file upload.tsv (TSV, C-alpha atoms)
chain	number	residue	atom	x	y	z
A	26	MET	CA	34.89	-39.77	10.74
A	27	LYS	CA	32.65	-41.15	8.00
A	28	ASN	CA	32.53	-37.71	6.44
A	29	ASN	CA	36.29	-37.66	6.34
A	30	GLU	CA	36.42	-41.05	4.62
A	31	ASP	CA	33.77	-39.99	2.13
A	32	LEU	CA	35.76	-36.87	1.36
A	33	ARG	CA	38.96	-38.85	0.78
A	34	ASP	CA	36.99	-41.01	-1.59
A	35	GLU	CA	35.68	-37.95	-3.44
A	36	LEU	CA	39.24	-36.67	-3.81
A	37	LYS	CA	40.76	-39.94	-5.03
A	38	ASN	CA	41.20	-38.55	-8.56
A	39	SER	CA	42.56	-35.22	-7.33
A	40	PRO	CA	46.15	-35.75	-6.18
A	41	PHE	CA	46.78	-32.05	-5.54
A	42	LEU	CA	43.73	-31.53	-3.30
A	43	LYS	CA	44.34	-34.87	-1.56
A	44	GLU	CA	47.89	-33.85	-0.71
A	45	MET	CA	46.85	-30.38	0.48
A	46	LYS	CA	44.18	-31.92	2.70
A	47	GLU	CA	46.87	-33.90	4.56
A	48	ARG	CA	48.58	-30.69	5.67
A	49	PRO	CA	47.86	-29.50	9.22
A	50	SER	CA	47.11	-25.90	8.15
A	51	ASP	CA	45.83	-24.09	5.09
A	52	GLY	CA	48.26	-21.18	5.69
A	53	PHE	CA	45.75	-18.70	7.12
A	54	GLN	CA	46.45	-17.11	10.50
A	55	VAL	CA	44.68	-14.59	12.72
A	56	PRO	CA	46.28	-11.89	14.90
A	57	LYS	CA	47.01	-12.94	18.47
A	58	ASN	CA	43.94	-12.77	20.77
A	59	TYR	CA	41.79	-11.65	17.83
A	60	PHE	CA	38.76	-13.65	18.95
A	61	GLN	CA	39.10	-12.45	22.55
A	62	HIS	CA	38.90	-8.81	21.49
A	63	LEU	CA	36.34	-9.08	18.70
A	64	PRO	CA	33.14	-9.14	20.86
A	65	ASN	CA	34.20	-5.93	22.67
A	66	GLU	CA	34.99	-4.20	19.38
A	67	VAL	CA	31.61	-5.15	17.96
A	68	MET	CA	29.79	-4.14	21.15
A	69	GLN	CA	31.43	-0.71	21.01
A	70	LYS	CA	30.16	-0.26	17.46
A	71	VAL	CA	26.62	-1.43	18.12
A	72	LYS	CA	26.34	0.92	21.10
A	73	GLU	CA	26.95	3.91	18.84
A	74	PRO	CA	23.63	5.71	18.20
A	75	THR	CA	23.61	4.79	14.49
A	76	PHE	CA	23.64	1.10	15.35
A	77	ALA	CA	20.80	1.05	17.86
A	78	PRO	CA	18.58	-2.00	17.33
A	79	VAL	CA	15.63	-1.29	15.10
A	80	GLN	CA	12.23	-1.86	16.71
A	81	GLN	CA	9.24	-2.94	14.66
A	82	PRO	CA	7.25	0.23	13.87
A	83	SER	CA	3.57	0.32	14.82
A	84	TRP	CA	0.89	0.62	12.09
A	85	LEU	CA	0.46	4.30	12.96
A	86	GLU	CA	4.20	4.88	12.54
A	87	ARG	CA	4.13	2.99	9.26
A	88	ILE	CA	1.38	5.28	7.94
A	89	GLU	CA	3.35	8.29	9.16
A	90	GLN	CA	6.49	6.97	7.45
A	91	PHE	CA	4.52	6.42	4.24
A	92	MET	CA	3.13	9.95	4.35
A	93	GLN	CA	6.59	11.33	5.02
A	94	SER	CA	8.01	9.35	2.12
A	95	LEU	CA	5.49	11.10	-0.14
A	96	ILE	CA	7.02	14.43	0.83
A	97	GLN	CA	10.48	13.26	-0.27
A	98	PRO	CA	11.46	15.32	-3.37
A	99	ARG	CA	11.61	12.41	-5.81
A	100	TYR	CA	8.33	10.88	-4.65
A	101	ALA	CA	6.67	14.31	-4.44
A	102	LEU	CA	7.74	15.08	-8.01
A	103	ALA	CA	6.49	11.74	-9.22
A	104	LEU	CA	3.20	12.18	-7.37
A	105	ALA	CA	2.78	15.73	-8.69
A	106	SER	CA	3.41	14.51	-12.25
A	107	VAL	CA	0.82	11.79	-11.83
A	108	VAL	CA	-1.73	14.26	-10.40
A	109	VAL	CA	-1.11	16.70	-13.28
A	110	LEU	CA	-1.53	13.90	-15.82
A	111	VAL	CA	-4.73	12.68	-14.19
A	112	VAL	CA	-6.22	16.18	-14.00
A	113	ALA	CA	-5.24	16.87	-17.63
A	114	GLY	CA	-6.75	13.56	-18.67
A	115	VAL	CA	-10.01	14.25	-16.81
A	116	VAL	CA	-10.31	17.76	-18.28
A	117	PHE	CA	-9.58	16.47	-21.80
A	118	LEU	CA	-12.11	13.65	-21.55
A	119	LYS	CA	-14.70	15.97	-20.03
A	120	ASP	CA	-14.28	18.43	-22.91
A	121	LYS	CA	-14.51	15.64	-25.43
A	122	ASN	CA	-17.68	14.28	-23.88
A	123	ALA	CA	-19.15	17.75	-23.63
A	124	THR	CA	-18.59	18.46	-27.34
A	125	THR	CA	-19.99	15.14	-28.43
A	126	THR	CA	-23.12	15.22	-26.28
A	127	LEU	CA	-23.98	18.92	-26.46
A	128	PRO	CA	-26.25	18.77	-29.56
A	129	ALA	CA	-28.20	15.86	-28.09
A	130	MET	CA	-28.64	17.70	-24.80
A	131	ALA	CA	-29.66	20.86	-26.64
A	132	GLU	CA	-32.30	18.95	-28.58
A	133	VAL	CA	-33.75	17.54	-25.39
A	134	GLN	CA	-33.83	20.94	-23.74
A	135	LEU	CA	-35.35	22.66	-26.81
A	136	ALA	CA	-38.16	20.12	-26.88
A	137	ASP	CA	-39.22	21.34	-23.45
A	138	ILE	CA	-39.68	24.96	-24.62
A	139	SER	CA	-43.15	25.97	-25.70
A	140	ASP	CA	-43.84	27.73	-29.05
A	141	GLU	CA	-44.89	30.93	-27.30
A	142	GLU	CA	-41.63	31.08	-25.44
A	143	LEU	CA	-39.69	30.46	-28.65
A	144	PHE	CA	-41.54	33.24	-30.54
A	145	ALA	CA	-41.01	35.62	-27.63
A	146	TYR	CA	-37.28	34.83	-27.56
A	147	VAL	CA	-36.87	35.24	-31.31
A	148	SER	CA	-38.82	38.53	-31.27
A	149	ASP	CA	-36.67	39.92	-28.49
A	150	ASN	CA	-33.42	38.86	-30.15
A	151	ILE	CA	-34.30	39.28	-33.80
A	152	SER	CA	-31.16	41.29	-34.40
A	153	ASP	CA	-29.04	38.26	-33.49
A	154	PHE	CA	-30.36	36.17	-36.38
A	155	ASN	CA	-29.25	36.57	-39.98
A	156	ARG	CA	-31.40	35.87	-42.98
A	157	GLN	CA	-29.95	32.45	-43.67
A	158	GLN	CA	-30.66	31.24	-40.11
A	159	MET	CA	-34.19	32.50	-40.32
A	160	LEU	CA	-34.75	30.76	-43.65
A	161	GLU	CA	-33.41	27.51	-42.29
A	162	ALA	CA	-35.49	27.80	-39.11
A	163	SER	CA	-38.66	28.50	-41.07
A	164	GLY	CA	-38.71	24.91	-42.37
A	165	PRO	CA	-39.79	23.51	-45.78
A	166	GLU	CA	-43.49	24.28	-45.37
A	167	LEU	CA	-43.01	28.01	-45.51
A	168	PRO	CA	-43.57	29.62	-48.93
A	169	GLU	CA	-40.46	30.49	-50.80
A	170	VAL	CA	-39.74	34.12	-50.55
A	171	LYS	CA	-38.36	35.82	-53.60
A	172	VAL	CA	-35.65	38.11	-52.68
A	173	GLN	CA	-35.18	40.98	-55.08
A	174	GLN	CA	-31.65	41.93	-55.52
A	175	LYS	CA	-31.29	45.66	-55.83
A	176	THR	CA	-28.89	46.79	-58.57
A	177	PRO	CA	-26.24	48.89	-57.08
A	178	THR	CA	-26.46	52.54	-58.01
A	179	LEU	CA	-23.36	54.59	-58.38
A	180	PRO	CA	-23.24	57.72	-56.36
A	181	LYS	CA	-24.04	60.86	-58.29
A	182	ILE	CA	-21.04	62.99	-58.95
A	183	LYS	CA	-21.66	66.63	-59.38
A	184	ALA	CA	-19.90	67.68	-62.57
A	185	GLN	CA	-18.07	70.88	-62.56
A	186	LYS	CA	-18.62	73.17	-65.49
A	187	PRO	CA	-15.31	73.51	-67.38
A	188	GLU	CA	-14.00	76.88	-68.45
A	189	MET	CA	-13.85	77.68	-72.16
A	190	LYS	CA	-10.12	78.11	-72.04
A	191	GLU	CA	-9.69	74.63	-70.69
A	192	ILE	CA	-11.93	73.17	-73.43
A	193	GLU	CA	-9.93	74.90	-76.14
A	194	ALA	CA	-6.64	73.71	-74.65
A	195	TYR	CA	-7.94	70.13	-74.46
A	196	LEU	CA	-9.11	70.20	-78.08
A	197	ASN	CA	-5.80	71.60	-79.30
A	198	ASP	CA	-3.95	68.78	-77.55
A	199	ALA	CA	-6.33	66.10	-78.76
A	200	ILE	CA	-6.58	67.26	-82.37
A	201	ASP	CA	-3.17	65.89	-83.17
A	202	ASP	CA	-4.14	62.40	-81.91
A	203	ILE	CA	-7.35	62.13	-83.91
A	204	ASP	CA	-7.17	60.67	-87.44
A	205	LEU	CA	-9.03	62.23	-90.28
A	206	GLU	CA	-10.92	59.01	-90.82
A	207	ASP	CA	-12.08	59.03	-87.28
A	208	LEU	CA	-13.38	62.54	-87.59
A	209	GLU	CA	-15.32	61.63	-90.77
A	210	ALA	CA	-16.78	58.60	-89.01
A	211	MET	CA	-18.01	60.77	-86.20
A	212	PHE	CA	-20.13	62.92	-88.47
B	14	MET	CA	34.46	-20.99	25.41
B	15	VAL	CA	32.32	-22.50	22.68
B	16	GLN	CA	29.42	-24.66	23.82
B	17	ASN	CA	27.91	-27.17	21.41
B	18	SER	CA	24.26	-27.44	22.10
B	19	GLU	CA	20.96	-26.27	20.75
B	20	ASN	CA	20.21	-25.17	24.29
B	21	VAL	CA	22.75	-22.42	23.82
B	22	ASP	CA	20.79	-21.14	20.82
B	23	ASP	CA	17.61	-21.15	22.91
B	24	ARG	CA	19.36	-19.23	25.67
B	25	ILE	CA	20.75	-16.72	23.20
B	26	MET	CA	17.34	-16.11	21.67
B	27	SER	CA	15.65	-15.87	25.03
B	28	LEU	CA	18.15	-13.26	26.22
B	29	LEU	CA	17.86	-11.28	22.98
B	30	ARG	CA	14.06	-11.18	23.31
B	31	GLU	CA	14.23	-9.93	26.91
B	32	GLY	CA	15.98	-6.75	25.70
B	33	GLY	CA	18.10	-4.29	27.71
B	34	SER	CA	21.17	-5.68	29.42
B	35	HIS	CA	19.89	-9.24	28.83
B	36	ALA	CA	19.96	-8.62	25.09
B	37	GLU	CA	23.56	-7.48	25.33
B	38	SER	CA	24.50	-10.65	27.24
B	39	GLY	CA	22.67	-12.72	24.64
B	40	PHE	CA	24.47	-10.99	21.81
B	41	ARG	CA	27.85	-11.50	23.49
B	42	LEU	CA	27.04	-15.19	23.92
B	43	LEU	CA	26.06	-15.40	20.24
B	44	MET	CA	29.39	-13.88	19.17
B	45	GLU	CA	31.43	-16.13	21.44
B	46	GLN	CA	29.55	-19.17	20.20
B	47	TYR	CA	29.80	-18.50	16.46
B	48	GLN	CA	32.53	-15.96	15.75
B	49	GLU	CA	35.22	-18.49	14.81
B	50	ARG	CA	33.04	-20.59	12.50
B	51	LEU	CA	31.74	-17.47	10.78
B	52	TYR	CA	35.20	-15.92	10.58
B	53	TRP	CA	36.68	-18.92	8.74
B	54	GLN	CA	33.75	-19.10	6.36
B	55	ILE	CA	34.24	-15.44	5.53
B	56	ARG	CA	38.06	-15.64	5.47
B	57	ARG	CA	38.00	-18.45	2.90
B	58	MET	CA	35.77	-16.33	0.71
B	59	VAL	CA	37.62	-13.00	0.97
B	60	PHE	CA	41.09	-14.49	1.80
B	61	GLU	CA	42.62	-11.52	3.64
B	62	HIS	CA	42.30	-11.03	7.40
B	63	GLU	CA	41.50	-7.28	7.28
B	64	ASP	CA	38.69	-7.90	4.81
B	65	ALA	CA	37.39	-10.86	6.81
B	66	ASN	CA	37.42	-8.74	9.98
B	67	ASP	CA	35.43	-5.92	8.30
B	68	VAL	CA	32.89	-8.34	6.87
B	69	LEU	CA	32.46	-10.23	10.14
B	70	GLN	CA	31.96	-7.04	12.16
B	71	ASN	CA	29.39	-5.77	9.65
B	72	CYS	CA	27.71	-9.16	9.83
B	73	PHE	CA	27.43	-9.00	13.63
B	74	ILE	CA	26.14	-5.43	13.51
B	75	LYS	CA	23.42	-6.57	11.09
B	76	VAL	CA	22.59	-9.50	13.32
B	77	TYR	CA	22.26	-7.17	16.33
B	78	ARG	CA	20.04	-4.73	14.45
B	79	SER	CA	17.79	-7.41	12.99
B	80	SER	CA	17.73	-9.99	15.77
B	81	HIS	CA	13.99	-9.29	16.23
B	82	THR	CA	13.34	-10.61	12.69
B	83	PHE	CA	14.72	-14.09	13.46
B	84	GLU	CA	11.65	-16.29	13.89
B	85	GLY	CA	13.46	-19.51	14.82
B	86	LYS	CA	12.19	-21.40	11.76
B	87	SER	CA	15.77	-22.41	10.91
B	88	LYS	CA	18.79	-23.06	13.10
B	89	LEU	CA	20.47	-19.96	14.46
B	90	TYR	CA	23.73	-20.83	12.70
B	91	THR	CA	21.91	-21.21	9.36
B	92	TRP	CA	20.56	-17.67	9.76
B	93	LEU	CA	23.97	-16.32	10.79
B	94	TYR	CA	25.76	-18.16	7.99
B	95	ARG	CA	23.41	-16.69	5.37
B	96	ILE	CA	23.92	-13.17	6.67
B	97	ALA	CA	27.70	-13.70	6.73
B	98	THR	CA	27.93	-15.13	3.21
B	99	ASN	CA	25.64	-12.44	1.79
B	100	GLU	CA	27.84	-9.83	3.43
B	101	ALA	CA	30.98	-11.50	2.02
B	102	ILE	CA	29.53	-11.72	-1.50
B	103	THR	CA	28.45	-8.06	-1.38
B	104	PHE	CA	31.96	-7.14	-0.23
B	105	LEU	CA	33.56	-9.17	-3.06
B	106	ASN	CA	31.30	-7.61	-5.68
B	107	LYS	CA	32.18	-4.11	-4.50
B	108	LYS	CA	35.86	-5.05	-4.49
B	109	LYS	CA	35.63	-6.42	-8.04
B	110	GLN	CA	34.12	-3.09	-9.18
B	111	ARG	CA	36.93	-1.14	-7.51
B	112	MET	CA	39.74	-3.36	-8.81
B	113	ALA	CA	41.34	-2.27	-12.09
B	114	THR	CA	43.14	-4.61	-14.47
B	115	PRO	CA	45.79	-6.63	-12.61
B	116	LEU	CA	49.22	-5.05	-12.85
B	117	ASP	CA	51.04	-8.38	-13.16
B	118	ALA	CA	49.21	-10.48	-15.71
B	119	GLY	CA	51.63	-13.37	-15.30
B	120	GLU	CA	50.54	-14.40	-11.79
B	121	SER	CA	47.22	-14.40	-9.96
B	122	PRO	CA	46.70	-11.07	-8.16
B	123	LEU	CA	45.54	-13.04	-5.11
B	124	ALA	CA	48.79	-15.03	-4.99
B	125	ASN	CA	50.67	-11.71	-4.96
B	126	ARG	CA	48.48	-10.33	-2.20
B	127	LEU	CA	48.90	-13.48	-0.10
B	128	ARG	CA	52.67	-13.29	-0.50
B	129	ALA	CA	52.56	-9.83	1.09
B	130	ASP	CA	49.96	-10.79	3.72
B	131	ASP	CA	51.29	-10.95	7.31
B	132	HIS	CA	48.45	-13.28	8.24
B	133	PHE	CA	49.19	-15.92	5.62
B	134	ASP	CA	52.19	-18.20	6.06
B	135	GLY	CA	51.34	-20.79	3.41
B	136	ASP	CA	53.79	-21.97	0.75
B	137	GLU	CA	53.58	-21.73	-3.03
B	138	ALA	CA	51.23	-24.74	-3.31
B	139	GLN	CA	48.85	-23.25	-0.75
B	140	ARG	CA	48.85	-19.89	-2.54
B	141	LYS	CA	48.06	-21.77	-5.74
B	142	LEU	CA	45.18	-23.55	-4.03
B	143	MET	CA	43.71	-20.23	-2.84
B	144	ALA	CA	44.14	-18.70	-6.30
B	145	ALA	CA	42.32	-21.73	-7.76
B	146	ILE	CA	39.48	-21.40	-5.23
B	147	GLU	CA	39.18	-17.72	-6.10
B	148	THR	CA	38.31	-18.64	-9.70
B	149	LEU	CA	35.18	-20.54	-8.58
B	150	PRO	CA	31.79	-18.79	-8.72
B	151	ASP	CA	30.57	-17.58	-5.30
B	152	LYS	CA	28.04	-20.39	-4.68
B	153	GLN	CA	30.43	-23.11	-5.83
B	154	ARG	CA	33.14	-21.63	-3.63
B	155	GLN	CA	30.79	-21.87	-0.64
B	156	VAL	CA	30.07	-25.54	-1.43
B	157	PHE	CA	33.74	-26.35	-1.89
B	158	ASN	CA	34.78	-24.64	1.36
B	159	LEU	CA	32.05	-26.30	3.43
B	160	ARG	CA	32.91	-29.74	2.09
B	161	TYR	CA	36.69	-29.54	1.74
B	162	PHE	CA	37.70	-27.47	4.79
B	163	ASP	CA	34.77	-28.01	7.19
B	164	GLU	CA	34.01	-31.57	6.01
B	165	MET	CA	30.33	-30.83	6.38
B	166	ASN	CA	28.03	-33.63	5.20
B	167	TYR	CA	25.69	-32.97	2.28
B	168	ALA	CA	22.52	-33.20	4.37
B	169	ASP	CA	23.62	-30.36	6.64
B	170	MET	CA	24.92	-28.42	3.67
B	171	SER	CA	21.57	-28.84	1.94
B	172	GLU	CA	19.78	-27.32	4.93
B	173	LEU	CA	22.31	-24.52	5.18
B	174	LEU	CA	22.31	-23.55	1.50
B	175	GLY	CA	18.77	-24.54	0.59
B	176	THR	CA	19.99	-26.70	-2.30
B	177	SER	CA	19.42	-30.40	-2.99
B	178	GLU	CA	22.12	-32.90	-1.96
B	179	GLY	CA	22.51	-34.11	-5.54
B	180	ALA	CA	23.14	-30.60	-6.81
B	181	LEU	CA	25.67	-30.01	-4.03
B	182	LYS	CA	27.57	-33.24	-4.84
B	183	ALA	CA	27.70	-32.29	-8.51
B	184	SER	CA	28.84	-28.77	-7.64
B	185	PHE	CA	31.65	-30.08	-5.41
B	186	HIS	CA	32.74	-32.59	-8.06
B	187	HIS	CA	32.97	-29.81	-10.70
B	188	ALA	CA	34.82	-27.54	-8.28
B	189	VAL	CA	37.42	-30.25	-7.64
B	190	LYS	CA	37.92	-30.75	-11.38
B	191	LYS	CA	38.27	-26.99	-11.95
B	192	ILE	CA	40.85	-26.65	-9.20
B	193	GLU	CA	42.90	-29.58	-10.49
B	194	GLY	CA	42.76	-28.09	-13.98
B	195	PHE	CA	43.82	-24.66	-12.70
B	196	VAL	CA	46.80	-26.12	-10.81
B	197	ARG	CA	47.91	-28.19	-13.82
B	198	SER	CA	47.72	-25.09	-16.05
B	199	CYS	CA	50.03	-23.23	-13.61
B	200	ASP	CA	52.73	-25.98	-13.69
call {"tool": "encode", "arguments": {"input": "upload.tsv", "output": "structure tokens"}}
result
Amino acid sequence: MKNNEDLRDELKNSPFLKEMKERPSDGFQVPKNYFQHLPNEVMQKVKEPTFAPVQQPSWLERIEQFMQSLIQPRYALALASVVVLVVAGVVFLKDKNATTTLPAMAEVQLADISDEELFAYVSDNISDFNRQQMLEASGPELPEVKVQQKTPTLPKIKAQKPEMKEIEAYLNDAIDDIDLEDLEAMF
Amino acid sequence: MVQNSENVDDRIMSLLREGGSHAESGFRLLMEQYQERLYWQIRRMVFEHEDANDVLQNCFIKVYRSSHTFEGKSKLYTWLYRIATNEAITFLNKKKQRMATPLDAGESPLANRLRADDHFDGDEAQRKLMAAIETLPDKQRQVFNLRYFDEMNYADMSELLGTSEGALKASFHHAVKKIEGFVRSCD
């Protein structure tokens, strides 16, 4: 009852709502016997297999559900993408590390090889080294070696002896192109 | 027949926990106890009987499927009311997405629908009141309905909605002003 009085008080400045509140009904109706039939209708629906009550899954079932969810196409694709990215990242980083640390590792390993072993290796594989590498490897204490550059020699061409007729023909052709002054200069 | 006692809630929960045919009896008792209260809460949010019936049945199906998750920390009706209002709000949001622009821009689409509704026998003023209530945001509509139609006190409302009494009083006061303004603008 107090609630009702409080509400009237709250509506004192709202003539429309105050008047509507005095009415016995708000205009809404329900079909006849609706509430008698509703529980049966709902029970019929909940008894259908799709509406069976859900039991709390055990931890083993939860793990199984999680594993199954990973096989779902969208999750599997996402997982595969992540795996590919991780593998690519690992390979890339490994390569990068390998290239940056290789000289240092090589130095350490070379220090362990004795001089005899080095000489034996170089002797066996002398054909694999060029002159520049050998000069660099020899170090600054080695005496400078003067390398004589051979002048290239042109291959000898065996001249063919020309025939007299050919010489005369050549001179006849050339005589017209030679100036008199040039001839005098020649002698 | 509706029984008003917390003992009924205890009995309902006890039967639901026992499972099997006891669970079915418990669920039937739950529906008989709360179907009318829940129906009117839903009906005043969605307005039409067919919609209210769909929402209420979905609500009960959800309750049946998730009854094992109710821990008894709140009153049974509080839990049911929250499920029902969430279901009603979801329904209204889906309906808003489906609805195109109103064909008759001169009058509220709800007033038109109520005029054609076999389960609404209200007059023009009552249709106007419903159209005004429809303009309120969902939460404010809940507050207005609980206070204006159910005459629920603010302490109970606070427990039900999880909002402070002061905020609820302010919300109701603003709702009343909005409705009065809406009605005046229609005259």
call {"tool": "closest_residue", "arguments": {"input": "upload.tsv", "among": "B:Met26, B:Leu89, B:Met44, B:Leu123", "to": "chain A", "atoms": "only C-alpha atoms"}}
result
B:Met44
call {"tool": "interface_residues", "arguments": {"input": "upload.tsv", "of": "chain B", "to": "chain A", "cutoff": "6 Å", "atoms": "only C-alpha atoms", "output": "count of residues only"}}
result
5
call {"tool": "atom_distance", "arguments": {"input": "upload.tsv", "atom1": "CA of Lys191 (chain B)", "atom2": "CA of Leu149 (chain B)"}}
result
7.9 Å
call {"tool": "atom_distance", "arguments": {"input": "upload.tsv", "atom1": "CA of Glu37 (chain B)", "atom2": "CA of Lys75 (chain B)"}}
result
14.3 Å
call {"tool": "atom_distance", "arguments": {"input": "upload.tsv", "atom1": "CA of Ser83 (chain A)", "atom2": "CA of Phe40 (chain B)"}}
result
24.8 Å
call {"tool": "closest_residue", "arguments": {"input": "upload.tsv", "among": "B:Gln48, B:Gln155, B:Thr148, B:Ser87", "to": "Ala101 (chain B)", "atoms": "only C-alpha atoms"}}
result
B:Gln155
call {"tool": "residues_near_point", "arguments": {"input": "upload.tsv", "point": "(33.4, -27.5, -7.1)", "cutoff": "10 Å", "atoms": "all atoms listed in the file", "output": "VMD selection string"}}
result
chain B and resid 146 149 to 150 152 to 158 160 to 161 181 to 192
call {"tool": "axis_aligned_box", "arguments": {"input": "upload.tsv", "around": "region 156-162 of chain A", "padding_each_side": "4 Å", "output": "AutoDock Vina command-line options"}}
result
--center_x -32.7 --center_y 31.7 --center_z -41.4 --size_x 13.5 --size_y 16.4 --size_z 12.6
call {"tool": "residues_around", "arguments": {"input": "upload.tsv", "residues": "Thr103 (chain B)", "least_positions_apart": "5", "cutoff": "12 Å", "atoms": "all atoms listed in the file", "output": "list of chain:residue names"}}
result
B:Ile55, B:Met58, B:Val59, B:Asp64, B:Val68, B:Asn71, B:Cys72, B:Ile96, B:Ala97, B:Thr98, B:Lys108, B:Lys109, B:Gln110, B:Asp151
call {"tool": "closest_residue", "arguments": {"input": "upload.tsv", "among": "B:Ser79, B:Lys88, B:Asp200, B:Gln70", "to": "Asn20 (chain B)", "atoms": "all atoms listed in the file"}}
result
B:Lys88
